[in-house]
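Colleague: I have a structure I would like to understand better, so I am pasting it below and will then ask my questions one at a time.
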4 protein chains.
Amino acid sequence: MGEGIMRLGYVHIRTTDLEASRRHYRDVMGMQEMACHNDRVYFKCWDEYDHHSVVVQQSDRAGLEKMGFKVHTYDDLDALEKQVMQHGGAVTRFSEGENYKVGQGIRFEIPSGHVMELYVEMEQVGKALPSLNPPPYPEGLKGVGAPRIDHLLITSEKPTETIEWLMKALNFYMAERVVENEHSDKPIAAWLFRSNTPHDIAIIPGPDKKIHHFAFWLDDWFEIRKAGDVFSKNDVSIDVGPERHGITRGQTIYYFDPAGNRNEVFTGGYIAYPDMPVVTWTVDQLDRGIFYFNHRKEWIEGFTSNVT
Amino acid sequence: MGEGIMRLGYVHIRTTDLEASRRHYRDVMGMQEMACHNDRVYFKCWDEYDHHSVVVQQSDRAGLEKMGFKVHTYDDLDALEKQVMQHGGAVTRFSEGENYKVGQGIRFEIPSGHVMELYVEMEQVGKALPSLNPPPYPEGLKGVGAPRIDHLLITSEKPTETIEWLMKALNFYMAERVVENEHSDKPIAAWLFRSNTPHDIAIIPGPDKKIHHFAFWLDDWFEIRKAGDVFSKNDVSIDVGPERHGITRGQTIYYFDPAGNRNEVFTGGYIAYPDMPVVTWTVDQLDRGIFYFNHRKEWIEGFTSNVT
Amino acid sequence: MGEGIMRLGYVHIRTTDLEASRRHYRDVMGMQEMACHNDRVYFKCWDEYDHHSVVVQQSDRAGLEKMGFKVHTYDDLDALEKQVMQHGGAVTRFSEGENYKVGQGIRFEIPSGHVMELYVEMEQVGKALPSLNPPPYPEGLKGVGAPRIDHLLITSEKPTETIEWLMKALNFYMAERVVENEHSDKPIAAWLFRSNTPHDIAIIPGPDKKIHHFAFWLDDWFEIRKAGDVFSKNDVSIDVGPERHGITRGQTIYYFDPAGNRNEVFTGGYIAYPDMPVVTWTVDQLDRGIFYFNHRKEWIEGFTSNVT
Amino acid sequence: MGEGIMRLGYVHIRTTDLEASRRHYRDVMGMQEMACHNDRVYFKCWDEYDHHSVVVQQSDRAGLEKMGFKVHTYDDLDALEKQVMQHGGAVTRFSEGENYKVGQGIRFEIPSGHVMELYVEMEQVGKALPSLNPPPYPEGLKGVGAPRIDHLLITSEKPTETIEWLMKALNFYMAERVVENEHSDKPIAAWLFRSNTPHDIAIIPGPDKKIHHFAFWLDDWFEIRKAGDVFSKNDVSIDVGPERHGITRGQTIYYFDPAGNRNEVFTGGYIAYPDMPVVTWTVDQLDRGIFYFNHRKEWIEGFTSNVT
């Protein structure tokens, strides 16, 4: 047995304008365009070593096509497959190459209707840095120059059920949660992790099958400011930020890709471990949990309701 | 089965001047003094929730008494006990309370002669923040205000053997290593992890049973500068820094506690996963790996040879 | 002759709740309360050496009572008095002590109706640091811990006239300006300086005698983030930010004191010299000049129209 | 009358390897090469609008050829000429064009034997940003990307005399000084300013006619770190740093150009005004004034004695 699910491996999103999205992820976010294949463009960040972490697909609407989580070993994959089935999931096995550059794996819907894939292997192309005596970062990064993707946040009509399912079927741990009030023990939103970050995936109430945002990691608060400069220069529409989250303590800018999919640049947060006491937010204090600086602003409503 | 070893749980060090060390860890590092018990003082950082992470013991010499790694479940502990025995380690079971506030566990020597303990439970006292609707950090932190310990670096007369043993017996993964030259595959130093940081423990050549340093995490390069200010105001002896490491890409100041045990404040680095390609340093380029800015300085020799 | 006007020396504002304003400037901004005298409270920042830089006066409405600019020498004062009179200003001489702890000086209205005072001496109490072998900053600062005030921004019904008057009568230099379009040479807003910062005073269109905001200097983008944390913890109402200005390139949070007077924390910007080419903004690009990240947001309208 | 001396306008240095120095100032520091003329290369930084701020001249030795300070008006120039003569300086008038792209001015030796020039006009080429609706910084900066030069530090056999002469003949103000002990009032080193920075020029004891370093401004502590990365990648020899100064509170890296002329990247510090109380350092505490973190290190001796 290995380490189970290691991380969010890829986000596969739809766009109504592939060329505009291509420019966004390549020139603004600074990702490397790895391949263009069947109306899909594959991108990776400079500090990622697998072939891609974002897939953008031409479509008639925006939104999340599916998400892939990378699993450590094939034993882990088998064990997780059993767990998914035990918890009522219909699992499909897919073969190597069915996902471009990705090995065999399993596909299933989680209770919120989102399609998730688990896989063990993707073609390794290496970081943008040499693995022998590397400098700390590569030269000539474009735009934001994000080193890696970090997490995604999805909506669910029955968030409590989805949260519990992810914890039971896939061994996610809970870092933070929202409850109605101090007397409630039922999470209506949660930030879940398998890595030691406060969230690899988060769930909030909302329509099934929708994505609220997916996030790129940046190294610090200065990179957040630089991202804001890059967004302004490139006419990227900022939704909210720079801000601090109360939840995760992270710092952030939310913005939209050309199809209207919300992206985030995120930094900070803490190291999360499976034995860490869960942090709980009550609905009456949630505004500060979402945006610590500009809480009680009318825009929080738009922020929480607008999804693709 | 759970997640195995989760993190460096505690560093138990010796001091020749308990009162001076107490002031150092409490007033300069900003740790909370949790207890004083049998000539040992127990400290925790503000973002840690277990009872302590540093134990300082009065002695006639400085150095590392032992180190404790926290394991996720008792099943993990049993499995690791078997692995240690399979790899030739003599394991002692210790009972709850033998280590103050720590549950039962196992103790053994690793090939370099260092004493390591694995345990599943320590009394949880909670972070310095409430777990309900917390602000991002507590008020009134003293001195450096380090949120948590991060890693330790030990020396070994047979480093290759120690490195391999830690990987096989305890399932550590390798993030970076030093080899003689490009044609060698034998690590003479290595940075190993169980969490997603580039190192929970590192091994370099040197005398057995010695510690080169243990490190506190800081949140960013600004906190590193602030730490430098605090050290100067408190007459703490800085060894090297502020600097950047080539290895791990982190940023650092090394300094000494009153007994001469080297401490580090560390930030930055990248997220490490078990499937990440290992970063390799050759001896001829190692100076930049150790100190990226002031490489080829005479002080690197003192830095690498001076241990307690 | 000396250096003429050196800096914004004090801002004298009105409040409808003196106790609440006192807590704001003392406990949130971290200023030192120097005196309470005739329903006025006097504050200084830690890096200022004159007796006070902010005066808060109990009143039935918020707003700016007057502003004081410090002049280098009495010869400068005499010369400026003549210039003010030459440009049609009615000048009153005030004697030492008429303003608490302030020496003699002159008082006059600028074309926008704001009361301005020029003075040469204020009781020097020294910085919060010793002048002999000082550390880089004092210990135990409260809240934001702003080192000094920086500038103020006022509104004027005839902004062009006010701008030109300040330049001719008081020798202010222009760093940046707003014009209707590229073919216009008539400034409808301007950022003026006597120190080497991009603005000691700025003028925008709006009602006469009103203040848009006055600003505290912070040392960097990290201090801006910390200020946001402090504001949230203390329920200070943030207006806009953290943001970057296109104008001055500075970084900022705008917020309100308990009486509704807008404050700013400001950092960054460039060094301005009298021979620097003026930076010009046209109205069609002004949104990015005001808030570089979240330009074209509806809140800019409230930001520019709301004054006290 | 205008504002007198406004700033350090140019540093004219000698190099033993013009091509190597050219690469250093252009590719590592990121300056624009403006002209190559009579074995001299002229450079400007991106946020400077005059034709050049650094002149590098081929020679058989390193060192400072001369320094130029820009004066506001010709009236100021005349007045300063008189003051220099009154204080015993032999003044030469030079005509427009004698210094490439520089207008007419005066040349004289200060008591330490350094050649200083004052001038009112240099061809204005504009910043690297447009003066109409500019973004906050230009794209595509190379290497360190320093926005401007900041100050220089020279040595003098009779530093007290040189300091007093600069204050009397050229109206420099003193921000900080070093004295033997608390009972002495005789500055043996001083940091002098005409702008509102803590130093445009500084004087320390040492041989006449020598330069200790000249400095480039950087915008913050993050840019200092980035400069260290750039220096390492380009094999620039770092002398000391990153460090904090007690004197000026600034943050710094010292390093050498290919000819051995010491450069500095500098940020931070405070705003200095003519009426600011002078900060005094005594020799016994001077180590912390020079390098606040690593004070009492042997390298300070080399740092203070090594000049070109």
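Each chain of the structure tokens is named A, B, ... in the order shown, its residues numbered from 1; ligands are numbered from 1 in display order.
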Could the residues of chain D that have an atom at most 6 Å from chain C be listed as CSV, each with its closest atom pair and the distance in Å to one decimal, counting only C-alpha atoms and ordered by chain and ascending residue number?
Modeller:
```
residue,atom,partner,partner_atom,distance
D:Ser131,CA,C:Val279,CA,4.7
D:Leu132,CA,C:Thr280,CA,4.9
D:Asn133,CA,C:Trp281,CA,4.9
D:Pro136,CA,C:Arg249,CA,5.3
D:Asn196,CA,C:Asn196,CA,5.8
D:Arg249,CA,C:Pro136,CA,5.3
D:Val279,CA,C:Ser131,CA,4.7
D:Thr280,CA,C:Leu132,CA,4.9
D:Trp281,CA,C:Asn133,CA,4.9
```
Colleague: For the residues selected in the previous step, produce a file with N, CA and C atoms as an mmCIF file, in the first residue's frame.
Modeller:
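File written: part.cif
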```
data_model
loop_
_atom_site.group_PDB
_atom_site.id
_atom_site.type_symbol
_atom_site.label_atom_id
_atom_site.label_comp_id
_atom_site.auth_asym_id
_atom_site.auth_seq_id
_atom_site.Cartn_x
_atom_site.Cartn_y
_atom_site.Cartn_z
ATOM 1 N N SER D 131 4.578 58.562 -20.304
ATOM 2 C CA SER D 131 4.122 59.540 -19.310
ATOM 3 C C SER D 131 2.604 59.704 -19.381
ATOM 4 N N LEU D 132 1.962 59.014 -20.323
ATOM 5 C CA LEU D 132 0.495 59.049 -20.437
ATOM 6 C C LEU D 132 -0.078 57.699 -20.026
ATOM 7 N N ASN D 133 -0.876 57.682 -18.951
ATOM 8 C CA ASN D 133 -1.553 56.470 -18.473
ATOM 9 C C ASN D 133 -0.605 55.269 -18.343
ATOM 10 N N PRO D 136 2.398 50.315 -13.832
ATOM 11 C CA PRO D 136 3.303 50.602 -12.701
ATOM 12 C C PRO D 136 4.760 50.263 -12.950
ATOM 13 N N ASN D 196 14.754 63.592 0.298
ATOM 14 C CA ASN D 196 14.202 63.151 1.585
ATOM 15 C C ASN D 196 14.582 61.725 1.940
ATOM 16 N N ARG D 249 18.330 52.041 8.713
ATOM 17 C CA ARG D 249 17.343 50.948 8.810
ATOM 18 C C ARG D 249 17.171 50.183 7.499
ATOM 19 N N VAL D 279 20.574 61.192 14.096
ATOM 20 C CA VAL D 279 20.789 59.919 14.780
ATOM 21 C C VAL D 279 22.286 59.717 14.948
ATOM 22 N N THR D 280 22.695 59.364 16.154
ATOM 23 C CA THR D 280 24.125 59.256 16.463
ATOM 24 C C THR D 280 24.494 57.828 16.836
ATOM 25 N N TRP D 281 25.582 57.363 16.280
ATOM 26 C CA TRP D 281 26.136 56.048 16.618
ATOM 27 C C TRP D 281 27.489 56.218 17.279
#
```
Colleague: Based on DSSP run over this structure's backbone, return all residues of stretch 174-287 of chain B in strand (DSSP E), as a count of residues only.
Modeller: 46
Colleague: Could you state the separation of atom CA of D:Asp208 and atom CA of D:Gln58 in Å, given to one decimal place?
Modeller: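 Calculated distance between atom CA of D:Asp208 and atom CA of D:Gln58 is 21.5 Å.
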Colleague: Which residues, written as a ChimeraX atom specification, have at least one atom at most 10 Å from B:Asp235, with only C-alpha atoms counted and residues fewer than 6 positions away on the same chain left out?
Modeller: /B:28,229 /D:293,295
Colleague: Record the distance separating atom CA of C:Glu264 and atom CA of D:Phe266, expressed in Å with one decimal.
Modeller: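 According to the coordinates, atom CA of C:Glu264 and atom CA of D:Phe266 are separated by 26.3 Å.
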Colleague: Need the shell around stretch 157-160 of chain D: protein/DNA/RNA residues with any atom at most 8 Å away, counting only C-alpha atoms. Skip same-chain ones fewer than 4 positions apart. Format as an MDAnalysis selection string?
Modeller: chainID D and resid 111:112 164 186:189 203:208
Colleague: Do you know which residues are at most 7 Å from B:Val54 counting only C-alpha atoms, after dropping those on the same chain fewer than 3 positions away, and could you put them as a ChimeraX atom specification?
Modeller: /B:10-12,42-44
Colleague: Please measure the separation of atom CA of B:Ala202 and atom CA of B:Leu118, giving the value in Å to one decimal.
Modeller: 17.2 Å
Colleague: Just list as JSON, numbers by chain whatever in stretch 21-76 of chain C DSSP marks as alpha helix (DSSP H).
Modeller: {"C": [21, 22, 23, 74, 75, 76]}
Colleague: Rank nothing, just name the residue among A:Asn234, A:Thr267, A:Ser59, A:Asn294 nearest to C:Tyr255, using only C-alpha atoms.
Modeller: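 Selected residue with least distance to C:Tyr255: A:Asn294.
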Colleague: Extract, using only C-alpha atoms, all DNA, RNA and protein residues at most 12 Å from C:Glu139, discarding same-chain residues fewer than 5 positions from it, and format them as a ChimeraX atom specification.
Modeller: /B:140-143,226,229-230,233 /C:30,46,128-129,134,145
Colleague: List as a ChimeraX atom specification the protein and nucleic acid residues near D:Leu152, meaning an atom at most 10 Å away when only C-alpha atoms are counted, but skip any in the same chain fewer than 4 places from it.
Modeller: /D:8,10-11,67,191,199-203,211-216,263-264
